[in-house]
file upload.cif (mmCIF, N, CA and C atoms)
data_final
loop_
_atom_site.group_PDB
_atom_site.id
_atom_site.type_symbol
_atom_site.label_atom_id
_atom_site.label_comp_id
_atom_site.auth_asym_id
_atom_site.auth_seq_id
_atom_site.Cartn_x
_atom_site.Cartn_y
_atom_site.Cartn_z
ATOM 1 N N MET A 21 -24.142 32.739 -46.124
ATOM 2 C CA MET A 21 -24.628 32.909 -47.472
ATOM 3 C C MET A 21 -24.313 34.336 -47.923
ATOM 4 N N ALA A 22 -23.880 34.455 -49.159
ATOM 5 C CA ALA A 22 -23.519 35.763 -49.703
ATOM 6 C C ALA A 22 -24.759 36.591 -49.991
ATOM 7 N N ASP A 23 -24.623 37.885 -49.804
ATOM 8 C CA ASP A 23 -25.711 38.795 -50.091
ATOM 9 C C ASP A 23 -25.597 39.240 -51.542
ATOM 10 N N ARG A 24 -26.454 38.695 -52.393
ATOM 11 C CA ARG A 24 -26.395 38.992 -53.818
ATOM 12 C C ARG A 24 -26.714 40.458 -54.120
ATOM 13 N N ALA A 25 -27.504 41.079 -53.303
ATOM 14 C CA ALA A 25 -27.875 42.477 -53.537
ATOM 15 C C ALA A 25 -26.655 43.384 -53.490
ATOM 16 N N ASN A 26 -25.629 43.002 -52.738
ATOM 17 C CA ASN A 26 -24.432 43.822 -52.616
ATOM 18 C C ASN A 26 -23.279 43.300 -53.466
ATOM 19 N N ASP A 27 -23.561 42.377 -54.347
ATOM 20 C CA ASP A 27 -22.545 41.801 -55.217
ATOM 21 C C ASP A 27 -22.340 42.757 -56.394
ATOM 22 N N ASN A 28 -21.158 43.315 -56.526
ATOM 23 C CA ASN A 28 -20.884 44.298 -57.568
ATOM 24 C C ASN A 28 -20.460 43.692 -58.895
ATOM 25 N N ARG A 29 -20.341 42.364 -58.961
ATOM 26 C CA ARG A 29 -19.953 41.739 -60.220
ATOM 27 C C ARG A 29 -21.078 41.848 -61.238
ATOM 28 N N THR A 30 -20.707 42.034 -62.493
ATOM 29 C CA THR A 30 -21.680 42.091 -63.571
ATOM 30 C C THR A 30 -21.902 40.682 -64.090
ATOM 31 N N VAL A 31 -23.150 40.318 -64.244
ATOM 32 C CA VAL A 31 -23.483 39.005 -64.764
ATOM 33 C C VAL A 31 -23.824 39.143 -66.238
ATOM 34 N N ASN A 32 -23.156 38.362 -67.056
ATOM 35 C CA ASN A 32 -23.400 38.362 -68.484
ATOM 36 C C ASN A 32 -24.095 37.049 -68.832
ATOM 37 N N PRO A 33 -25.421 37.063 -69.057
ATOM 38 C CA PRO A 33 -26.122 35.817 -69.329
ATOM 39 C C PRO A 33 -25.647 35.127 -70.605
ATOM 40 N N ASP A 34 -25.105 35.876 -71.566
ATOM 41 C CA ASP A 34 -24.614 35.265 -72.793
ATOM 42 C C ASP A 34 -23.322 34.486 -72.583
ATOM 43 N N ALA A 35 -22.619 34.779 -71.509
ATOM 44 C CA ALA A 35 -21.364 34.077 -71.242
ATOM 45 C C ALA A 35 -21.601 32.603 -70.949
ATOM 46 N N ALA A 36 -22.767 32.268 -70.459
ATOM 47 C CA ALA A 36 -23.077 30.889 -70.125
ATOM 48 C C ALA A 36 -23.657 30.121 -71.314
ATOM 49 N N VAL A 37 -23.918 30.807 -72.402
ATOM 50 C CA VAL A 37 -24.504 30.169 -73.572
ATOM 51 C C VAL A 37 -23.401 29.549 -74.415
ATOM 52 N N LYS A 38 -23.525 28.237 -74.630
ATOM 53 C CA LYS A 38 -22.561 27.501 -75.437
ATOM 54 C C LYS A 38 -23.273 26.871 -76.616
ATOM 55 N N ASP A 39 -22.618 26.828 -77.738
ATOM 56 C CA ASP A 39 -23.158 26.152 -78.902
ATOM 57 C C ASP A 39 -23.332 24.672 -78.567
ATOM 58 N N PRO A 40 -24.502 24.097 -78.856
ATOM 59 C CA PRO A 40 -24.708 22.679 -78.551
ATOM 60 C C PRO A 40 -23.648 21.759 -79.152
ATOM 61 N N ASP A 41 -23.039 22.166 -80.265
ATOM 62 C CA ASP A 41 -21.965 21.348 -80.857
ATOM 63 C C ASP A 41 -20.749 21.259 -79.943
ATOM 64 N N ASP A 42 -20.622 22.207 -79.023
ATOM 65 C CA ASP A 42 -19.488 22.233 -78.108
ATOM 66 C C ASP A 42 -19.777 21.565 -76.767
ATOM 67 N N TRP A 43 -20.999 21.093 -76.570
ATOM 68 C CA TRP A 43 -21.357 20.461 -75.312
ATOM 69 C C TRP A 43 -20.654 19.119 -75.158
ATOM 70 N N VAL A 44 -20.068 18.878 -74.011
ATOM 71 C CA VAL A 44 -19.441 17.591 -73.717
ATOM 72 C C VAL A 44 -20.505 16.497 -73.699
ATOM 73 N N THR A 45 -21.704 16.821 -73.250
ATOM 74 C CA THR A 45 -22.780 15.838 -73.134
ATOM 75 C C THR A 45 -23.775 15.919 -74.293
ATOM 76 N N GLY A 46 -23.406 16.584 -75.360
ATOM 77 C CA GLY A 46 -24.319 16.800 -76.484
ATOM 78 C C GLY A 46 -24.796 15.540 -77.169
ATOM 79 N N ASP A 47 -24.015 14.476 -77.097
ATOM 80 C CA ASP A 47 -24.399 13.216 -77.745
ATOM 81 C C ASP A 47 -25.284 12.345 -76.867
ATOM 82 N N GLU A 48 -25.513 12.769 -75.637
ATOM 83 C CA GLU A 48 -26.362 12.001 -74.726
ATOM 84 C C GLU A 48 -27.832 12.209 -75.087
ATOM 85 N N PRO A 49 -28.708 11.338 -74.581
ATOM 86 C CA PRO A 49 -30.147 11.546 -74.818
ATOM 87 C C PRO A 49 -30.621 12.844 -74.165
ATOM 88 N N PRO A 50 -31.691 13.421 -74.688
ATOM 89 C CA PRO A 50 -32.225 14.656 -74.107
ATOM 90 C C PRO A 50 -32.646 14.446 -72.653
ATOM 91 N N THR A 51 -32.629 15.530 -71.907
ATOM 92 C CA THR A 51 -33.111 15.477 -70.528
ATOM 93 C C THR A 51 -34.633 15.355 -70.549
ATOM 94 N N ALA A 52 -35.194 14.967 -69.419
ATOM 95 C CA ALA A 52 -36.653 14.865 -69.319
ATOM 96 C C ALA A 52 -37.304 16.226 -69.566
ATOM 97 N N ALA A 53 -36.674 17.280 -69.069
ATOM 98 C CA ALA A 53 -37.209 18.627 -69.271
ATOM 99 C C ALA A 53 -37.186 19.006 -70.753
ATOM 100 N N GLN A 54 -36.098 18.682 -71.443
ATOM 101 C CA GLN A 54 -36.025 18.965 -72.875
ATOM 102 C C GLN A 54 -37.116 18.209 -73.624
ATOM 103 N N GLU A 55 -37.261 16.918 -73.309
ATOM 104 C CA GLU A 55 -38.274 16.086 -73.976
ATOM 105 C C GLU A 55 -39.662 16.687 -73.794
ATOM 106 N N SER A 56 -39.990 17.044 -72.566
ATOM 107 C CA SER A 56 -41.311 17.578 -72.267
ATOM 108 C C SER A 56 -41.562 18.884 -73.018
ATOM 109 N N TYR A 57 -40.619 19.807 -72.936
ATOM 110 C CA TYR A 57 -40.790 21.112 -73.579
ATOM 111 C C TYR A 57 -40.811 20.966 -75.096
ATOM 112 N N LEU A 58 -39.969 20.100 -75.624
ATOM 113 C CA LEU A 58 -39.917 19.869 -77.063
ATOM 114 C C LEU A 58 -41.258 19.357 -77.573
ATOM 115 N N HIS A 59 -41.863 18.423 -76.853
ATOM 116 C CA HIS A 59 -43.161 17.890 -77.267
ATOM 117 C C HIS A 59 -44.259 18.948 -77.147
ATOM 118 N N THR A 60 -44.187 19.787 -76.131
ATOM 119 C CA THR A 60 -45.156 20.878 -75.982
ATOM 120 C C THR A 60 -45.054 21.843 -77.161
ATOM 121 N N LEU A 61 -43.833 22.250 -77.489
ATOM 122 C CA LEU A 61 -43.630 23.178 -78.605
ATOM 123 C C LEU A 61 -44.052 22.551 -79.934
ATOM 124 N N ALA A 62 -43.694 21.288 -80.137
ATOM 125 C CA ALA A 62 -44.037 20.614 -81.384
ATOM 126 C C ALA A 62 -45.551 20.518 -81.545
ATOM 127 N N GLN A 63 -46.235 20.226 -80.458
ATOM 128 C CA GLN A 63 -47.695 20.147 -80.513
ATOM 129 C C GLN A 63 -48.280 21.504 -80.894
ATOM 130 N N GLU A 64 -47.769 22.566 -80.295
ATOM 131 C CA GLU A 64 -48.257 23.910 -80.620
ATOM 132 C C GLU A 64 -47.996 24.265 -82.084
ATOM 133 N N ALA A 65 -46.887 23.765 -82.617
ATOM 134 C CA ALA A 65 -46.515 24.067 -83.993
ATOM 135 C C ALA A 65 -47.130 23.085 -84.993
ATOM 136 N N GLY A 66 -47.824 22.072 -84.479
ATOM 137 C CA GLY A 66 -48.424 21.071 -85.364
ATOM 138 C C GLY A 66 -47.391 20.164 -86.002
ATOM 139 N N GLU A 67 -46.311 19.930 -85.291
ATOM 140 C CA GLU A 67 -45.229 19.094 -85.814
ATOM 141 C C GLU A 67 -45.009 17.889 -84.912
ATOM 142 N N THR A 68 -44.210 16.950 -85.387
ATOM 143 C CA THR A 68 -43.857 15.785 -84.588
ATOM 144 C C THR A 68 -42.395 15.873 -84.193
ATOM 145 N N VAL A 69 -42.046 15.150 -83.154
ATOM 146 C CA VAL A 69 -40.668 15.100 -82.677
ATOM 147 C C VAL A 69 -40.075 13.754 -83.109
ATOM 148 N N PRO A 70 -38.995 13.776 -83.869
ATOM 149 C CA PRO A 70 -38.398 12.512 -84.276
ATOM 150 C C PRO A 70 -37.788 11.771 -83.083
ATOM 151 N N ASP A 71 -37.803 10.457 -83.161
ATOM 152 C CA ASP A 71 -37.175 9.637 -82.122
ATOM 153 C C ASP A 71 -35.661 9.700 -82.257
ATOM 154 N N GLY A 72 -34.985 9.480 -81.151
ATOM 155 C CA GLY A 72 -33.540 9.324 -81.172
ATOM 156 C C GLY A 72 -32.727 10.599 -81.230
ATOM 157 N N LEU A 73 -33.331 11.731 -80.898
ATOM 158 C CA LEU A 73 -32.565 12.979 -80.880
ATOM 159 C C LEU A 73 -31.534 12.946 -79.757
ATOM 160 N N THR A 74 -30.426 13.629 -79.971
ATOM 161 C CA THR A 74 -29.442 13.820 -78.913
ATOM 162 C C THR A 74 -29.824 15.064 -78.123
ATOM 163 N N LYS A 75 -29.134 15.276 -77.029
ATOM 164 C CA LYS A 75 -29.368 16.466 -76.211
ATOM 165 C C LYS A 75 -29.118 17.738 -77.035
ATOM 166 N N ALA A 76 -28.068 17.746 -77.828
ATOM 167 C CA ALA A 76 -27.734 18.912 -78.647
ATOM 168 C C ALA A 76 -28.778 19.129 -79.737
ATOM 169 N N GLU A 77 -29.218 18.040 -80.382
ATOM 170 C CA GLU A 77 -30.234 18.163 -81.427
ATOM 171 C C GLU A 77 -31.558 18.655 -80.841
ATOM 172 N N ALA A 78 -31.910 18.166 -79.668
ATOM 173 C CA ALA A 78 -33.134 18.607 -79.008
ATOM 174 C C ALA A 78 -33.055 20.101 -78.699
ATOM 175 N N SER A 79 -31.912 20.558 -78.257
ATOM 176 C CA SER A 79 -31.732 21.974 -77.952
ATOM 177 C C SER A 79 -31.930 22.832 -79.194
ATOM 178 N N ARG A 80 -31.335 22.407 -80.299
ATOM 179 C CA ARG A 80 -31.480 23.158 -81.547
ATOM 180 C C ARG A 80 -32.944 23.185 -82.001
ATOM 181 N N ARG A 81 -33.609 22.035 -81.879
ATOM 182 C CA ARG A 81 -35.016 21.951 -82.306
ATOM 183 C C ARG A 81 -35.902 22.823 -81.414
ATOM 184 N N ILE A 82 -35.600 22.854 -80.130
ATOM 185 C CA ILE A 82 -36.336 23.727 -79.212
ATOM 186 C C ILE A 82 -36.181 25.178 -79.652
ATOM 187 N N ASP A 83 -34.969 25.589 -79.973
ATOM 188 C CA ASP A 83 -34.741 26.971 -80.435
ATOM 189 C C ASP A 83 -35.565 27.271 -81.688
ATOM 190 N N GLU A 84 -35.579 26.329 -82.636
ATOM 191 C CA GLU A 84 -36.332 26.515 -83.872
ATOM 192 C C GLU A 84 -37.830 26.641 -83.591
ATOM 193 N N LEU A 85 -38.340 25.759 -82.741
ATOM 194 C CA LEU A 85 -39.763 25.764 -82.438
ATOM 195 C C LEU A 85 -40.162 26.973 -81.592
ATOM 196 N N GLN A 86 -39.268 27.447 -80.747
ATOM 197 C CA GLN A 86 -39.561 28.670 -79.997
ATOM 198 C C GLN A 86 -39.737 29.838 -80.960
ATOM 199 N N ALA A 87 -38.882 29.914 -81.943
ATOM 200 C CA ALA A 87 -38.992 30.992 -82.937
ATOM 201 C C ALA A 87 -40.288 30.860 -83.737
ATOM 202 N N GLU A 88 -40.617 29.628 -84.082
ATOM 203 C CA GLU A 88 -41.811 29.373 -84.892
ATOM 204 C C GLU A 88 -43.099 29.662 -84.107
ATOM 205 N N THR A 89 -43.111 29.334 -82.833
ATOM 206 C CA THR A 89 -44.320 29.494 -82.037
ATOM 207 C C THR A 89 -44.394 30.842 -81.313
ATOM 208 N N GLY A 90 -43.293 31.585 -81.312
ATOM 209 C CA GLY A 90 -43.274 32.860 -80.604
ATOM 210 C C GLY A 90 -43.007 32.723 -79.120
ATOM 211 N N ARG A 91 -42.625 31.537 -78.685
ATOM 212 C CA ARG A 91 -42.296 31.317 -77.271
ATOM 213 C C ARG A 91 -40.815 31.590 -77.059
ATOM 214 N N GLY A 92 -40.462 31.715 -75.817
ATOM 215 C CA GLY A 92 -39.039 31.882 -75.501
ATOM 216 C C GLY A 92 -38.582 33.314 -75.682
ATOM 217 N N ARG A 93 -37.341 33.446 -75.905
ATOM 218 C CA ARG A 93 -36.656 34.737 -75.982
ATOM 219 C C ARG A 93 -37.445 35.699 -76.759
#
call {"tool": "encode", "arguments": {"input": "upload.cif", "output": "structure tokens"}}
result
Amino acid sequence: MADRANDNRTVNPDAAVKDPDDWVTGDEPPTAAQESYLHTLAQEAGETVPDGLTKAEASRRIDELQAETGRGR
């Protein structure tokens, strides 16, 4: 196993961030984790979650609700 403490490579967390519109799996149903977190955020915001969201749509809605509720980044 590699010793991460001695790894001199710089990690750029933004490099892994992709626009949901560019996701290959964006049209698939949301993951269980997305569904759970989305419902938690919506409840905190006093909103409902529409049925039939895609994985990409759920991601965008999570970002919106995080901003609205003060959670996340």
call {"tool": "atom_distance", "arguments": {"input": "upload.cif", "atom1": "atom C of Asp42 in chain A", "atom2": "atom N of Gly92 in chain A"}}
result
23.1 Å
call {"tool": "resolve_selection", "arguments": {"input": "upload.cif", "expression": "the PyMOL selection byres (((chain A and resi 57 and name CA) around 12) and name CA)", "output": "PyMOL selection string"}}
result
chain A and resi 50-56+58-64+69+78-79+81-83+85-86+91-92
call {"tool": "resolve_selection", "arguments": {"input": "upload.cif", "expression": "the PyMOL selection byres (((chain A and resi 72 and name CA) around 9) and name CA)", "output": "list in words"}}
result
Pro49, Pro50, Pro70, Asp71, Leu73 and Thr74 of chain A
call {"tool": "atom_distance", "arguments": {"input": "upload.cif", "atom1": "CA of Glu67 in chain A", "atom2": "CA of Asp39 in chain A"}}
result
24.2 Å
call {"tool": "residues_around", "arguments": {"input": "upload.cif", "residues": "Pro40 in chain A", "least_positions_apart": "3", "cutoff": "8 Å", "atoms": "all atoms listed in the file", "output": "PyMOL selection string"}}
result
chain A and resi 37+43-47+75-77+79-80
call {"tool": "write_last_selection", "arguments": {"input": "upload.cif", "atoms": "N, CA and C atoms", "output": "compact mmCIF listing (two decimals), in the frame of the given file"}}
result
# COMPACT_ATOMS: atom_id res chain seq x y z
N VAL A 37 -23.92 30.81 -72.40
CA VAL A 37 -24.50 30.17 -73.57
C VAL A 37 -23.40 29.55 -74.42
N TRP A 43 -21.00 21.09 -76.57
CA TRP A 43 -21.36 20.46 -75.31
C TRP A 43 -20.65 19.12 -75.16
N VAL A 44 -20.07 18.88 -74.01
CA VAL A 44 -19.44 17.59 -73.72
C VAL A 44 -20.50 16.50 -73.70
N THR A 45 -21.70 16.82 -73.25
CA THR A 45 -22.78 15.84 -73.13
C THR A 45 -23.78 15.92 -74.29
N GLY A 46 -23.41 16.58 -75.36
CA GLY A 46 -24.32 16.80 -76.48
C GLY A 46 -24.80 15.54 -77.17
N ASP A 47 -24.02 14.48 -77.10
CA ASP A 47 -24.40 13.22 -77.74
C ASP A 47 -25.28 12.34 -76.87
N LYS A 75 -29.13 15.28 -77.03
CA LYS A 75 -29.37 16.47 -76.21
C LYS A 75 -29.12 17.74 -77.04
N ALA A 76 -28.07 17.75 -77.83
CA ALA A 76 -27.73 18.91 -78.65
C ALA A 76 -28.78 19.13 -79.74
N GLU A 77 -29.22 18.04 -80.38
CA GLU A 77 -30.23 18.16 -81.43
C GLU A 77 -31.56 18.66 -80.84
N SER A 79 -31.91 20.56 -78.26
CA SER A 79 -31.73 21.97 -77.95
C SER A 79 -31.93 22.83 -79.19
N ARG A 80 -31.34 22.41 -80.30
CA ARG A 80 -31.48 23.16 -81.55
C ARG A 80 -32.94 23.18 -82.00
call {"tool": "atom_distance", "arguments": {"input": "upload.cif", "atom1": "atom N of Thr89 in chain A", "atom2": "atom N of Thr68 in chain A"}}
result
12.7 Å
